[in-house]
$ cat protein_23.cif   # mmCIF, C-alpha atoms (C1' of nucleotides)
data_final
#
loop_
_atom_site.label_atom_id
_atom_site.label_comp_id
_atom_site.auth_asym_id
_atom_site.auth_seq_id
_atom_site.Cartn_x
_atom_site.Cartn_y
_atom_site.Cartn_z
CA MET R 1 45.24 -4.46 -6.34
CA MET R 2 42.33 -6.35 -7.82
CA LYS R 3 39.24 -4.51 -6.70
CA THR R 4 37.52 -3.86 -9.96
CA ARG R 5 34.46 -6.04 -10.01
CA SER R 6 34.77 -6.66 -6.30
CA GLN R 7 36.86 -8.73 -4.01
CA LYS R 8 34.59 -11.45 -2.75
CA SER R 9 31.39 -10.11 -4.17
CA ASP R 10 30.39 -6.58 -3.46
CA ALA R 11 26.81 -7.32 -4.48
CA ARG R 12 26.41 -10.00 -1.85
CA ARG R 13 27.61 -7.68 0.87
CA ARG R 14 25.29 -4.91 -0.27
CA LEU R 15 22.35 -7.32 -0.34
CA ILE R 16 22.97 -8.48 3.20
CA GLU R 17 23.53 -5.00 4.57
CA THR R 18 20.43 -3.65 2.85
CA ALA R 19 18.28 -6.57 3.89
CA GLU R 20 19.49 -6.30 7.47
CA ARG R 21 18.58 -2.64 7.61
CA LEU R 22 15.14 -3.16 6.10
CA PHE R 23 14.27 -6.36 7.98
CA TYR R 24 15.22 -4.79 11.27
CA ALA R 25 13.36 -1.56 10.65
CA GLU R 26 10.21 -2.91 9.04
CA GLY R 27 10.06 -6.65 9.58
CA ILE R 28 10.89 -9.63 7.45
CA HIS R 29 7.46 -10.21 5.98
CA SER R 30 6.85 -6.56 5.25
CA VAL R 31 9.93 -6.19 3.08
CA GLY R 32 9.83 -7.79 -0.35
CA ILE R 33 12.65 -8.98 -2.54
CA ASP R 34 12.04 -6.22 -5.07
CA ARG R 35 12.51 -3.58 -2.40
CA ILE R 36 15.79 -5.12 -1.27
CA ILE R 37 17.32 -5.37 -4.72
CA ALA R 38 16.20 -1.86 -5.60
CA GLU R 39 17.81 -0.33 -2.51
CA ALA R 40 20.91 -2.50 -2.84
CA GLY R 41 21.20 -1.55 -6.51
CA VAL R 42 21.47 -5.17 -7.58
CA ALA R 43 19.70 -7.30 -10.16
CA LYS R 44 17.22 -9.87 -8.98
CA MET R 45 19.15 -12.71 -10.58
CA THR R 46 22.23 -11.65 -8.67
CA LEU R 47 20.33 -12.16 -5.45
CA TYR R 48 19.23 -15.61 -6.52
CA ASN R 49 22.75 -16.46 -7.61
CA HIS R 50 23.97 -15.77 -4.08
CA PHE R 51 20.97 -17.03 -2.10
CA SER R 52 18.66 -19.88 -2.94
CA SER R 53 15.60 -18.17 -1.51
CA LYS R 54 14.42 -15.32 0.67
CA ASP R 55 14.59 -17.63 3.68
CA ASP R 56 18.22 -18.30 2.84
CA LEU R 57 18.88 -14.56 2.73
CA VAL R 58 17.16 -14.18 6.08
CA VAL R 59 19.52 -16.69 7.67
CA ALA R 60 22.54 -14.98 6.13
CA VAL R 61 21.31 -11.66 7.46
CA LEU R 62 20.99 -13.08 10.96
CA HIS R 63 24.55 -14.39 10.85
CA TYR R 64 25.78 -10.99 9.70
CA ARG R 65 23.70 -9.27 12.36
CA GLU R 66 25.25 -11.36 15.11
CA GLU R 67 28.77 -10.36 14.06
CA LYS R 68 27.85 -6.72 13.68
CA PHE R 69 25.93 -6.55 16.94
CA ASP R 70 28.62 -8.31 18.94
CA ALA R 71 31.29 -5.94 17.65
CA LEU R 72 29.16 -2.88 18.40
CA PHE R 73 28.26 -4.08 21.86
CA GLN R 74 31.88 -4.85 22.71
CA LYS R 75 32.86 -1.38 21.51
CA TRP R 76 30.25 0.24 23.74
CA MET R 77 31.31 -1.83 26.71
CA LYS R 78 34.95 -1.01 26.16
CA GLN R 79 34.17 2.71 26.19
CA SER R 80 32.45 2.37 29.55
CA VAL R 81 35.18 0.21 31.02
CA GLU R 82 37.74 2.78 29.97
CA ALA R 83 35.60 5.41 31.69
CA GLY R 84 36.07 3.49 34.90
CA MET R 85 33.07 1.19 35.14
CA SER R 86 33.19 -2.43 36.20
CA GLN R 87 32.49 -5.00 33.49
CA LEU R 88 28.99 -5.50 34.83
CA GLU R 89 28.16 -1.82 34.96
CA ALA R 90 29.63 -1.42 31.51
CA PHE R 91 27.33 -4.15 30.24
CA PHE R 92 24.22 -2.27 31.32
CA SER R 93 25.65 0.99 30.10
CA ALA R 94 26.07 -0.60 26.67
CA LEU R 95 22.53 -1.95 26.89
CA LYS R 96 21.22 1.55 27.51
CA LYS R 97 23.29 2.97 24.66
CA TRP R 98 21.75 0.33 22.42
CA PHE R 99 18.20 1.19 23.53
CA GLU R 100 18.88 4.85 22.81
CA SER R 101 20.50 4.31 19.44
CA PRO R 102 18.50 5.70 16.51
CA GLY R 103 16.11 3.22 14.94
CA PHE R 104 16.22 0.86 17.92
CA ARG R 105 13.48 -1.70 17.48
CA GLY R 106 14.43 -4.44 19.91
CA CYS R 107 16.43 -7.59 19.43
CA MET R 108 16.50 -8.77 15.83
CA PHE R 109 16.70 -12.39 16.96
CA ILE R 110 13.64 -12.16 19.17
CA ASN R 111 11.86 -10.36 16.36
CA ALA R 112 12.89 -13.04 13.87
CA CYS R 113 11.53 -15.83 16.09
CA VAL R 114 8.26 -13.96 16.47
CA GLU R 115 7.91 -13.21 12.78
CA LEU R 116 9.01 -16.56 11.44
CA ALA R 117 6.54 -18.22 13.84
CA ASP R 118 8.04 -21.60 13.01
CA ALA R 119 10.49 -22.92 15.61
CA ASP R 120 11.96 -25.27 13.02
CA HIS R 121 12.90 -22.49 10.62
CA GLU R 122 16.67 -22.13 10.33
CA GLY R 123 16.34 -18.50 11.30
CA SER R 124 14.53 -19.41 14.51
CA LYS R 125 17.09 -22.05 15.40
CA PHE R 126 19.97 -19.66 14.80
CA SER R 127 18.24 -16.96 16.84
CA SER R 128 17.77 -19.38 19.69
CA SER R 129 21.46 -20.31 19.60
CA HIS R 130 22.43 -16.66 19.46
CA LYS R 131 20.60 -16.08 22.72
CA ARG R 132 22.55 -18.89 24.33
CA ARG R 133 25.80 -17.32 23.16
CA PHE R 134 24.73 -13.90 24.38
CA HIS R 135 23.90 -15.29 27.79
CA GLU R 136 27.24 -17.06 27.85
CA LEU R 137 28.94 -13.69 27.35
CA LEU R 138 26.81 -12.31 30.16
CA LYS R 139 27.90 -15.15 32.39
CA GLN R 140 31.55 -14.40 31.76
CA ILE R 141 30.96 -10.79 32.70
CA ILE R 142 29.18 -11.75 35.90
CA THR R 143 32.01 -14.11 36.72
CA GLN R 144 34.45 -11.23 36.64
CA THR R 145 32.36 -9.29 39.14
CA ALA R 146 30.92 -11.98 41.35
CA GLY R 147 32.99 -15.10 40.88
CA VAL R 148 32.34 -18.37 39.11
CA LYS R 149 29.96 -19.81 41.65
CA ALA R 150 27.71 -16.79 41.85
CA ALA R 151 27.72 -16.45 38.07
CA ASP R 152 26.59 -20.05 37.61
CA GLN R 153 23.83 -19.42 40.05
CA MET R 154 22.65 -15.98 39.01
CA THR R 155 23.16 -15.74 35.28
CA PRO R 156 19.78 -17.22 34.30
CA ALA R 157 17.90 -14.66 36.39
CA ILE R 158 20.03 -11.77 35.18
CA ALA R 159 19.52 -12.94 31.62
CA LEU R 160 15.77 -12.66 32.21
CA LEU R 161 16.25 -9.10 33.44
CA VAL R 162 18.20 -8.29 30.29
CA GLU R 163 15.68 -9.87 27.91
CA GLY R 164 12.85 -8.22 29.80
CA ALA R 165 14.62 -4.89 29.55
CA ILE R 166 14.94 -5.26 25.78
CA VAL R 167 11.28 -6.09 25.28
CA THR R 168 10.14 -3.39 27.67
CA ALA R 169 12.31 -0.78 25.96
CA VAL R 170 10.45 -1.56 22.74
CA MET R 171 6.97 -1.70 24.24
CA GLN R 172 7.32 1.45 26.33
CA GLN R 173 9.61 3.30 23.92
CA SER R 174 11.99 4.08 26.73
CA SER R 175 15.50 3.17 27.84
CA ARG R 176 14.70 3.30 31.55
CA SER R 177 14.38 -0.48 31.65
CA ALA R 178 18.17 -0.68 31.26
CA ASP R 179 18.57 1.14 34.58
CA VAL R 180 15.96 -1.00 36.26
CA ALA R 181 17.72 -4.14 35.07
CA ARG R 182 21.09 -2.82 36.18
CA ASP R 183 19.88 -1.93 39.67
CA ALA R 184 18.13 -5.25 40.14
CA THR R 185 21.24 -7.08 38.93
CA LEU R 186 23.47 -5.21 41.34
CA ALA R 187 21.03 -5.96 44.14
CA LEU R 188 21.12 -9.66 43.32
CA VAL R 189 24.90 -9.69 43.00
CA SER R 190 25.53 -7.79 46.23
CA LYS R 191 23.31 -10.27 47.99
CA SER R 192 25.34 -13.16 46.70
CA PRO R 193 27.10 -15.24 49.37
CA LYS R 194 30.40 -14.82 47.59
CA ASN R 195 30.87 -11.60 45.70
CA THR R 196 34.61 -11.46 45.79
CA THR R 197 36.82 -12.15 42.82
CA MET F 198 -36.03 -17.01 23.30
CA MET F 199 -34.64 -15.16 20.37
CA LYS F 200 -31.47 -16.85 19.28
CA THR F 201 -32.26 -17.53 15.70
CA ARG F 202 -29.98 -15.34 13.67
CA SER F 203 -27.89 -14.59 16.73
CA GLN F 204 -28.04 -12.14 19.53
CA LYS F 205 -25.40 -9.57 18.80
CA SER F 206 -23.84 -11.13 15.76
CA ASP F 207 -22.55 -14.65 15.78
CA ALA F 208 -20.46 -14.00 12.67
CA ARG F 209 -18.53 -11.21 14.32
CA ARG F 210 -17.67 -13.42 17.27
CA ARG F 211 -16.56 -16.24 15.00
CA LEU F 212 -14.38 -13.87 12.97
CA ILE F 213 -12.62 -12.56 16.05
CA GLU F 214 -12.12 -15.99 17.59
CA THR F 215 -10.80 -17.43 14.34
CA ALA F 216 -8.52 -14.48 13.67
CA GLU F 217 -7.17 -14.59 17.20
CA ARG F 218 -6.31 -18.26 16.87
CA LEU F 219 -4.63 -17.84 13.49
CA PHE F 220 -2.83 -14.58 14.26
CA TYR F 221 -1.41 -16.01 17.47
CA ALA F 222 -0.33 -19.29 15.93
CA GLU F 223 1.05 -18.04 12.62
CA GLY F 224 1.44 -14.29 12.82
CA ILE F 225 -0.60 -11.36 11.58
CA HIS F 226 1.10 -10.91 8.24
CA SER F 227 1.15 -14.59 7.43
CA VAL F 228 -2.60 -15.01 7.73
CA GLY F 229 -4.73 -13.57 4.95
CA ILE F 230 -8.30 -12.38 5.00
CA ASP F 231 -9.42 -15.24 2.77
CA ARG F 232 -8.05 -17.77 5.24
CA ILE F 233 -9.87 -16.15 8.14
CA ILE F 234 -13.25 -16.01 6.44
CA ALA F 235 -12.90 -19.56 5.17
CA GLU F 236 -12.13 -20.96 8.64
CA ALA F 237 -14.75 -18.78 10.30
CA GLY F 238 -17.32 -19.87 7.70
CA VAL F 239 -18.27 -16.29 6.94
CA ALA F 240 -18.65 -14.27 3.77
CA LYS F 241 -16.06 -11.67 2.94
CA MET F 242 -18.60 -8.88 2.92
CA THR F 243 -19.69 -9.86 6.40
CA LEU F 244 -16.17 -9.23 7.60
CA TYR F 245 -16.06 -5.84 5.94
CA ASN F 246 -19.48 -4.97 7.36
CA HIS F 247 -18.14 -5.52 10.85
CA PHE F 248 -14.58 -4.22 10.41
CA SER F 249 -13.37 -1.44 8.17
CA SER F 250 -10.08 -3.14 7.37
CA LYS F 251 -7.73 -5.91 8.38
CA ASP F 252 -5.99 -3.50 10.74
CA ASP F 253 -9.34 -2.81 12.36
CA LEU F 254 -9.85 -6.54 12.85
CA VAL F 255 -6.38 -6.82 14.35
CA VAL F 256 -7.23 -4.22 16.98
CA ALA F 257 -10.53 -5.94 17.78
CA VAL F 258 -8.67 -9.23 18.15
CA LEU F 259 -6.21 -7.67 20.59
CA HIS F 260 -9.06 -6.32 22.72
CA TYR F 261 -10.68 -9.74 22.75
CA ARG F 262 -7.35 -11.38 23.56
CA GLU F 263 -6.84 -9.19 26.59
CA GLU F 264 -10.20 -10.15 28.05
CA LYS F 265 -9.67 -13.82 27.33
CA PHE F 266 -6.12 -13.90 28.63
CA ASP F 267 -6.95 -12.01 31.81
CA ALA F 268 -9.78 -14.40 32.59
CA LEU F 269 -7.63 -17.45 31.95
CA PHE F 270 -4.74 -16.12 34.00
CA GLN F 271 -7.02 -15.27 36.92
CA LYS F 272 -8.48 -18.76 36.76
CA TRP F 273 -5.03 -20.33 36.88
CA MET F 274 -3.98 -18.12 39.78
CA LYS F 275 -7.14 -18.92 41.69
CA GLN F 276 -6.46 -22.64 41.36
CA SER F 277 -3.00 -22.20 42.85
CA VAL F 278 -4.20 -19.95 45.64
CA GLU F 279 -6.81 -22.52 46.56
CA ALA F 280 -4.03 -25.10 46.62
CA GLY F 281 -2.36 -23.05 49.34
CA MET F 282 0.07 -20.78 47.52
CA SER F 283 0.58 -17.11 48.24
CA GLN F 284 -0.62 -14.68 45.61
CA LEU F 285 2.92 -14.17 44.40
CA GLU F 286 3.69 -17.87 44.12
CA ALA F 287 0.37 -18.37 42.41
CA PHE F 288 1.30 -15.72 39.85
CA PHE F 289 4.41 -17.61 38.80
CA SER F 290 2.58 -20.89 38.89
CA ALA F 291 0.06 -19.43 36.44
CA LEU F 292 2.91 -18.13 34.32
CA LYS F 293 4.35 -21.62 34.10
CA LYS F 294 0.96 -23.12 33.25
CA TRP F 295 0.70 -20.60 30.45
CA PHE F 296 4.15 -21.46 29.09
CA GLU F 297 3.22 -25.13 29.11
CA SER F 298 -0.18 -24.70 27.52
CA PRO F 299 -0.46 -26.24 24.04
CA GLY F 300 0.34 -23.87 21.22
CA PHE F 301 2.11 -21.38 23.48
CA ARG F 302 3.91 -18.87 21.32
CA GLY F 303 4.68 -16.03 23.68
CA CYS F 304 2.78 -12.89 24.45
CA MET F 305 0.43 -11.85 21.67
CA PHE F 306 0.93 -8.18 22.52
CA ILE F 307 4.70 -8.37 22.30
CA ASN F 308 4.31 -10.30 19.07
CA ALA F 309 1.91 -7.71 17.70
CA CYS F 310 4.32 -4.85 18.43
CA VAL F 311 7.11 -6.75 16.72
CA GLU F 312 5.05 -7.65 13.68
CA LEU F 313 3.29 -4.34 13.22
CA ALA F 314 6.70 -2.62 13.45
CA ASP F 315 4.96 0.74 13.63
CA ALA F 316 4.71 2.20 17.14
CA ASP F 317 1.88 4.47 15.99
CA HIS F 318 -0.32 1.60 14.84
CA GLU F 319 -3.42 1.29 17.02
CA GLY F 320 -2.49 -2.31 17.71
CA SER F 321 0.94 -1.31 18.99
CA LYS F 322 -0.51 1.40 21.19
CA PHE F 323 -3.08 -0.97 22.65
CA SER F 324 -0.40 -3.60 23.23
CA SER F 325 1.74 -1.09 25.04
CA SER F 326 -1.17 -0.11 27.27
CA HIS F 327 -1.97 -3.75 27.92
CA LYS F 328 1.53 -4.21 29.32
CA ARG F 329 1.01 -1.31 31.67
CA ARG F 330 -2.24 -2.89 32.89
CA PHE F 331 -0.57 -6.27 33.30
CA HIS F 332 2.23 -4.75 35.34
CA GLU F 333 -0.35 -2.94 37.46
CA LEU F 334 -1.92 -6.29 38.26
CA LEU F 335 1.52 -7.59 39.13
CA LYS F 336 2.06 -4.64 41.44
CA GLN F 337 -1.16 -5.36 43.31
CA ILE F 338 -0.04 -8.94 43.81
CA ILE F 339 3.36 -7.87 45.09
CA THR F 340 1.67 -5.43 47.43
CA GLN F 341 -0.23 -8.28 49.05
CA THR F 342 3.00 -10.15 49.72
CA ALA F 343 5.49 -7.39 50.42
CA GLY F 344 3.53 -4.26 51.21
CA VAL F 345 2.86 -1.08 49.29
CA LYS F 346 6.28 0.44 49.69
CA ALA F 347 8.21 -2.59 48.55
CA ALA F 348 5.79 -3.09 45.66
CA ASP F 349 6.31 0.46 44.43
CA GLN F 350 10.00 -0.11 44.56
CA MET F 351 10.31 -3.62 43.16
CA THR F 352 7.55 -3.99 40.62
CA PRO F 353 9.52 -2.61 37.66
CA ALA F 354 12.33 -5.10 38.18
CA ILE F 355 9.96 -8.01 38.71
CA ALA F 356 8.08 -6.99 35.59
CA LEU F 357 11.34 -7.31 33.68
CA LEU F 358 11.82 -10.80 35.08
CA VAL F 359 8.32 -11.72 33.92
CA GLU F 360 8.72 -10.27 30.42
CA GLY F 361 12.13 -11.88 30.14
CA ALA F 362 10.66 -15.20 31.21
CA ILE F 363 7.99 -14.97 28.49
CA VAL F 364 10.50 -14.22 25.75
CA THR F 365 12.93 -16.84 26.98
CA ALA F 366 10.20 -19.48 27.14
CA VAL F 367 9.58 -18.86 23.44
CA MET F 368 13.23 -18.71 22.38
CA GLN F 369 14.34 -21.77 24.35
CA GLN F 370 11.06 -23.67 24.02
CA SER F 371 11.02 -24.31 27.73
CA SER F 372 9.00 -23.31 30.77
CA ARG F 373 11.98 -23.29 33.12
CA SER F 374 12.24 -19.52 32.86
CA ALA F 375 9.07 -19.29 34.95
CA ASP F 376 10.89 -20.97 37.83
CA VAL F 377 13.95 -18.79 37.39
CA ALA F 378 11.78 -15.67 37.46
CA ARG F 379 9.90 -16.89 40.53
CA ASP F 380 13.08 -17.67 42.47
CA ALA F 381 14.67 -14.34 41.58
CA THR F 382 11.49 -12.52 42.56
CA LEU F 383 11.32 -14.26 45.92
CA ALA F 384 14.98 -13.43 46.49
CA LEU F 385 14.33 -9.78 45.75
CA VAL F 386 11.21 -9.69 47.91
CA SER F 387 12.81 -11.44 50.88
CA LYS F 388 15.64 -8.94 50.75
CA SER F 389 13.22 -6.06 50.90
CA PRO F 390 13.56 -3.86 54.01
CA LYS F 391 9.88 -4.25 54.75
CA ASN F 392 8.32 -7.53 53.73
CA THR F 393 5.48 -7.58 56.20
CA THR F 394 1.88 -6.90 55.28
"C1'" DT P 395 -52.31 -16.38 10.62
"C1'" DG P 396 -50.25 -14.76 6.29
"C1'" DA P 397 -47.96 -11.12 3.49
"C1'" DC P 398 -44.27 -8.08 3.30
"C1'" DA P 399 -40.20 -5.41 4.23
"C1'" DC P 400 -35.87 -5.24 6.15
"C1'" DA P 401 -31.44 -6.47 7.89
"C1'" DA P 402 -27.87 -9.69 8.00
"C1'" DA P 403 -25.28 -13.06 6.03
"C1'" DC P 404 -24.32 -15.54 1.99
"C1'" DA P 405 -21.62 -16.70 -2.58
"C1'" DG P 406 -18.43 -15.48 -5.66
"C1'" DA P 407 -16.51 -12.71 -9.28
"C1'" DC P 408 -13.37 -8.98 -9.85
"C1'" DT P 409 -9.69 -5.10 -9.45
"C1'" DG P 410 -5.27 -3.71 -8.97
"C1'" DG P 411 -1.49 -4.68 -6.78
"C1'" DT P 412 2.33 -7.48 -4.52
"C1'" DC P 413 4.73 -11.65 -3.63
"C1'" DT P 414 8.63 -15.17 -4.63
"C1'" DG P 415 11.04 -17.18 -7.97
"C1'" DT P 416 12.43 -18.20 -13.06
"C1'" DA P 417 13.86 -17.46 -17.80
"C1'" DT P 418 16.27 -14.97 -21.32
"C1'" DA P 419 19.16 -12.15 -23.49
"C1'" DT P 420 22.74 -8.51 -22.95
"C1'" DT P 421 26.69 -6.17 -21.03
"C1'" DT P 422 30.90 -5.56 -18.55
"C1'" DC P 423 35.45 -6.64 -17.44
"C1'" DG P 424 39.42 -9.53 -16.10
"C1'" DC A 425 36.77 -16.35 -23.80
"C1'" DG A 426 34.36 -16.85 -19.45
"C1'" DA A 427 32.48 -15.31 -15.29
"C1'" DA A 428 29.50 -12.22 -13.03
"C1'" DA A 429 26.27 -8.85 -13.07
"C1'" DT A 430 22.86 -6.52 -15.69
"C1'" DA A 431 17.83 -5.42 -17.39
"C1'" DT A 432 13.51 -7.07 -18.27
"C1'" DA A 433 9.73 -9.90 -18.82
"C1'" DC A 434 7.13 -13.44 -17.02
"C1'" DA A 435 4.57 -17.12 -14.22
"C1'" DG A 436 1.54 -18.23 -10.77
"C1'" DA A 437 0.07 -17.49 -6.39
"C1'" DC A 438 -1.66 -14.50 -3.04
"C1'" DC A 439 -3.03 -9.97 -1.07
"C1'" DA A 440 -6.75 -6.50 0.69
"C1'" DG A 441 -10.71 -4.68 -0.50
"C1'" DT A 442 -15.08 -3.80 -3.64
"C1'" DC A 443 -19.22 -4.98 -5.93
"C1'" DT A 444 -23.40 -7.41 -7.35
"C1'" DG A 445 -26.88 -10.19 -6.48
"C1'" DT A 446 -29.16 -13.93 -3.64
"C1'" DT A 447 -30.83 -16.24 0.39
"C1'" DT A 448 -32.66 -16.42 4.92
"C1'" DG A 449 -34.65 -15.37 9.12
"C1'" DT A 450 -37.52 -12.09 11.73
"C1'" DG A 451 -40.43 -8.50 13.38
"C1'" DT A 452 -44.45 -5.81 11.86
"C1'" DC A 453 -48.85 -5.09 10.47
"C1'" DA A 454 -53.10 -6.25 8.52
#
$ encode --input "protein_23.cif" --output "structure tokens"
Amino acid sequence: MMKTRSQKSDARRRLIETAERLFYAEGIHSVGIDRIIAEAGVAKMTLYNHFSSKDDLVVAVLHYREEKFDALFQKWMKQSVEAGMSQLEAFFSALKKWFESPGFRGCMFINACVELADADHEGSKFSSSHKRRFHELLKQIITQTAGVKAADQMTPAIALLVEGAIVTAVMQQSSRSADVARDATLALVSKSPKNTT
Amino acid sequence: MMKTRSQKSDARRRLIETAERLFYAEGIHSVGIDRIIAEAGVAKMTLYNHFSSKDDLVVAVLHYREEKFDALFQKWMKQSVEAGMSQLEAFFSALKKWFESPGFRGCMFINACVELADADHEGSKFSSSHKRRFHELLKQIITQTAGVKAADQMTPAIALLVEGAIVTAVMQQSSRSADVARDATLALVSKSPKNTT
DNA sequence: TGACACAAACAGACTGGTCTGTATATTTCG
DNA sequence: CGAAATATACAGACCAGTCTGTTTGTGTCA
């Protein structure tokens, strides 16, 4: 069964998971390498065998975060769809669940861009591309509710509502912004010239 | 007429202005005390005579930033109003001017909340209250275009559009989000049951 | 006007700690 | 053996904050 030392590096996985947890909760700059290796139970040289620098670890963490977040969000949406919601309603239901999840501290990719401060940093570039992918998912969901044409037209505005809801949830420590965004989105969609499938 | 050593501390003003510039451009954690005093041309003890700690300076910088930003935003809006725009159009015109201003790196108060990570930090609490004040200003502007009732009803959603536009301008390095937010706002307002004064 | 005292800012050394990253030598296990 | 992880020490830079002592400008009072 080969599992002794690890299949595909257990230490690397623990480093990324630990760093993701700490970076998200406390910020990238506030969390030092020593803290990460201590909580991951890994030697410092092991970290530097897997990652060339802290920046490199940051980028790996962001990749991992995207996978993890996408899976979680899809799971939440699926639950709401199975409870009878439309795709679009389910999206905002998942958003609200996210805002209310313990330790919620906003979008890690927005936070990374803010903290890294440098738009040329690999972490910033990946975060920027993540947002494009996230908005693409949103567009597909809107398409299912309002049709291709309306989705093309309305997705950018709805994306702003979603991003605004995330930031506002952090600033006001409240999940109400998810409801506000949902209601505004439904108002925009219902007003669309073509809201049939 | 008495200006020799300064009226009301020149050093303090220079410290706050320098710190504001550096914190906004590079982030709070990335900028050290030594850097600030060097660029402000001030002795370290002078800083600690005026501020009890770096955190204390951060809070003072945020207060200063609010005053400065409000004045600048009002100036931009006034220019657009004088060019014939409605208050609401002028708001989004000012937003776009802000996004396109050199060195734009998003909202300092959002950035502070993200960087400080601690919701109980004085800087986070002030940033949160700043957002409430900013949205109150927005509500007054909407009132002038759409009436009190519609403003009460729509301001939260429009505030999300605005916050989303700020974040998106940073992430995508583009000011287009200001136009998207303006168009969506006008769509929402025109759909309002009562859009007379 | 000239002497003096005071407050503010100055310069810079220093403490104790943290940071990222490296080097070395040892252990564990397939 | 050889690969991977370990523990530990270290380098060199930076961090916030303290302390000492000096300079400088200014208002007061004789």
$ resolve_selection --input "protein_23.cif" --expression "the PyMOL selection byres ((chain A) within 12 of (chain F))" --output "PyMOL selection string"
chain A and resi 438-444+448-451
$ interface_residues --input "protein_23.cif" --of "chain P" --to "chain F" --cutoff "10 Å" --atoms "only C-alpha atoms (C1' of nucleotides)" --output "ChimeraX atom specification"
/P:402-406
$ resolve_selection --input "protein_23.cif" --expression "the PyMOL selection byres ((chain P and resi 418) around 9)" --output "short mmCIF file (atom, residue, chain, number, x, y, z; two decimals) with C-alpha atoms (C1' of nucleotides), in the coordinates of the input"
data_model
loop_
_atom_site.label_atom_id
_atom_site.label_comp_id
_atom_site.auth_asym_id
_atom_site.auth_seq_id
_atom_site.Cartn_x
_atom_site.Cartn_y
_atom_site.Cartn_z
"C1'" DA P 417 13.86 -17.46 -17.80
"C1'" DA P 419 19.16 -12.15 -23.49
"C1'" DT A 432 13.51 -7.07 -18.27
"C1'" DA A 433 9.73 -9.90 -18.82
#
$ residues_around --input "protein_23.cif" --residues "Phe220 in chain F" --least-positions-apart "3" --cutoff "12 Å" --atoms "all atoms listed in the file" --output "number ranges by chain"
R: 114-115, 117; F: 212-217, 223-230, 232-233, 251, 254-256, 258-259, 262, 302, 304-306, 308-309, 312-313
$ closest_residue --input "protein_23.cif" --among "F:Ser372, F:Gln341, F:Ser324, F:Thr382" --to "Ala291 in chain F" --atoms "only C-alpha atoms"
F:Ser372
$ atom_distance --input "protein_23.cif" --atom1 "CA of Lys68 in chain R" --atom2 "CA of Pro156 in chain R"
24.5 Å
$ resolve_selection --input "protein_23.cif" --expression "the PyMOL selection byres ((chain P and resi 416) around 9)" --output "ChimeraX atom specification"
/P:415,417 /A:434-435
$ atom_distance --input "protein_23.cif" --atom1 "CA of Arg373 in chain F" --atom2 "CA of His135 in chain R"
15.3 Å
$ residues_around --input "protein_23.cif" --residues "range 168-170 of chain R" --least-positions-apart "2" --cutoff "9 Å" --atoms "all atoms listed in the file" --output "list of chain:residue names"
R:Phe99, R:Phe104, R:Arg105, R:Gly106, R:Glu163, R:Gly164, R:Ala165, R:Ile166, R:Gln172, R:Gln173, R:Ser174, R:Ser175, R:Arg176, R:Ser177, R:Ala178, F:Ile307, F:Cys310, F:Val311, F:Ala316, F:Lys328, F:Ala356, F:Leu357, F:Glu360
$ atom_distance --input "protein_23.cif" --atom1 "CA of Lys75 in chain R" --atom2 "CA of Ile142 in chain R"
18.1 Å
$ closest_residue --input "protein_23.cif" --among "R:Leu95, R:Ile37, R:Met171, R:Ala157" --to "Asp380 in chain F" --atoms "all atoms listed in the file"
R:Ala157
$ axis_aligned_box --input "protein_23.cif" --around "range 405-423 of chain P" --padding-each-side "3 Å" --output "AutoDock Vina command-line options"
--center_x 6.9 --center_y -11.0 --center_z -13.0 --size_x 63.1 --size_y 20.5 --size_z 26.9
$ closest_residue --input "protein_23.cif" --among "F:Ala287, F:Leu244, F:Leu219, F:Met274" --to "chain R" --atoms "only C-alpha atoms"
F:Leu219
$ closest_residue --input "protein_23.cif" --among "R:Asp55, R:Lys139, R:Lys125, R:Ala146" --to "chain F" --atoms "all atoms listed in the file"
R:Lys125
$ closest_residue --input "protein_23.cif" --among "R:Arg14, R:Lys191, R:Arg133, R:Lys149" --to "chain F" --atoms "all atoms listed in the file"
R:Lys191
$ closest_residue --input "protein_23.cif" --among "R:Asp120, R:Thr145, R:Glu82, R:Glu136" --to "chain F" --atoms "all atoms listed in the file"
R:Asp120
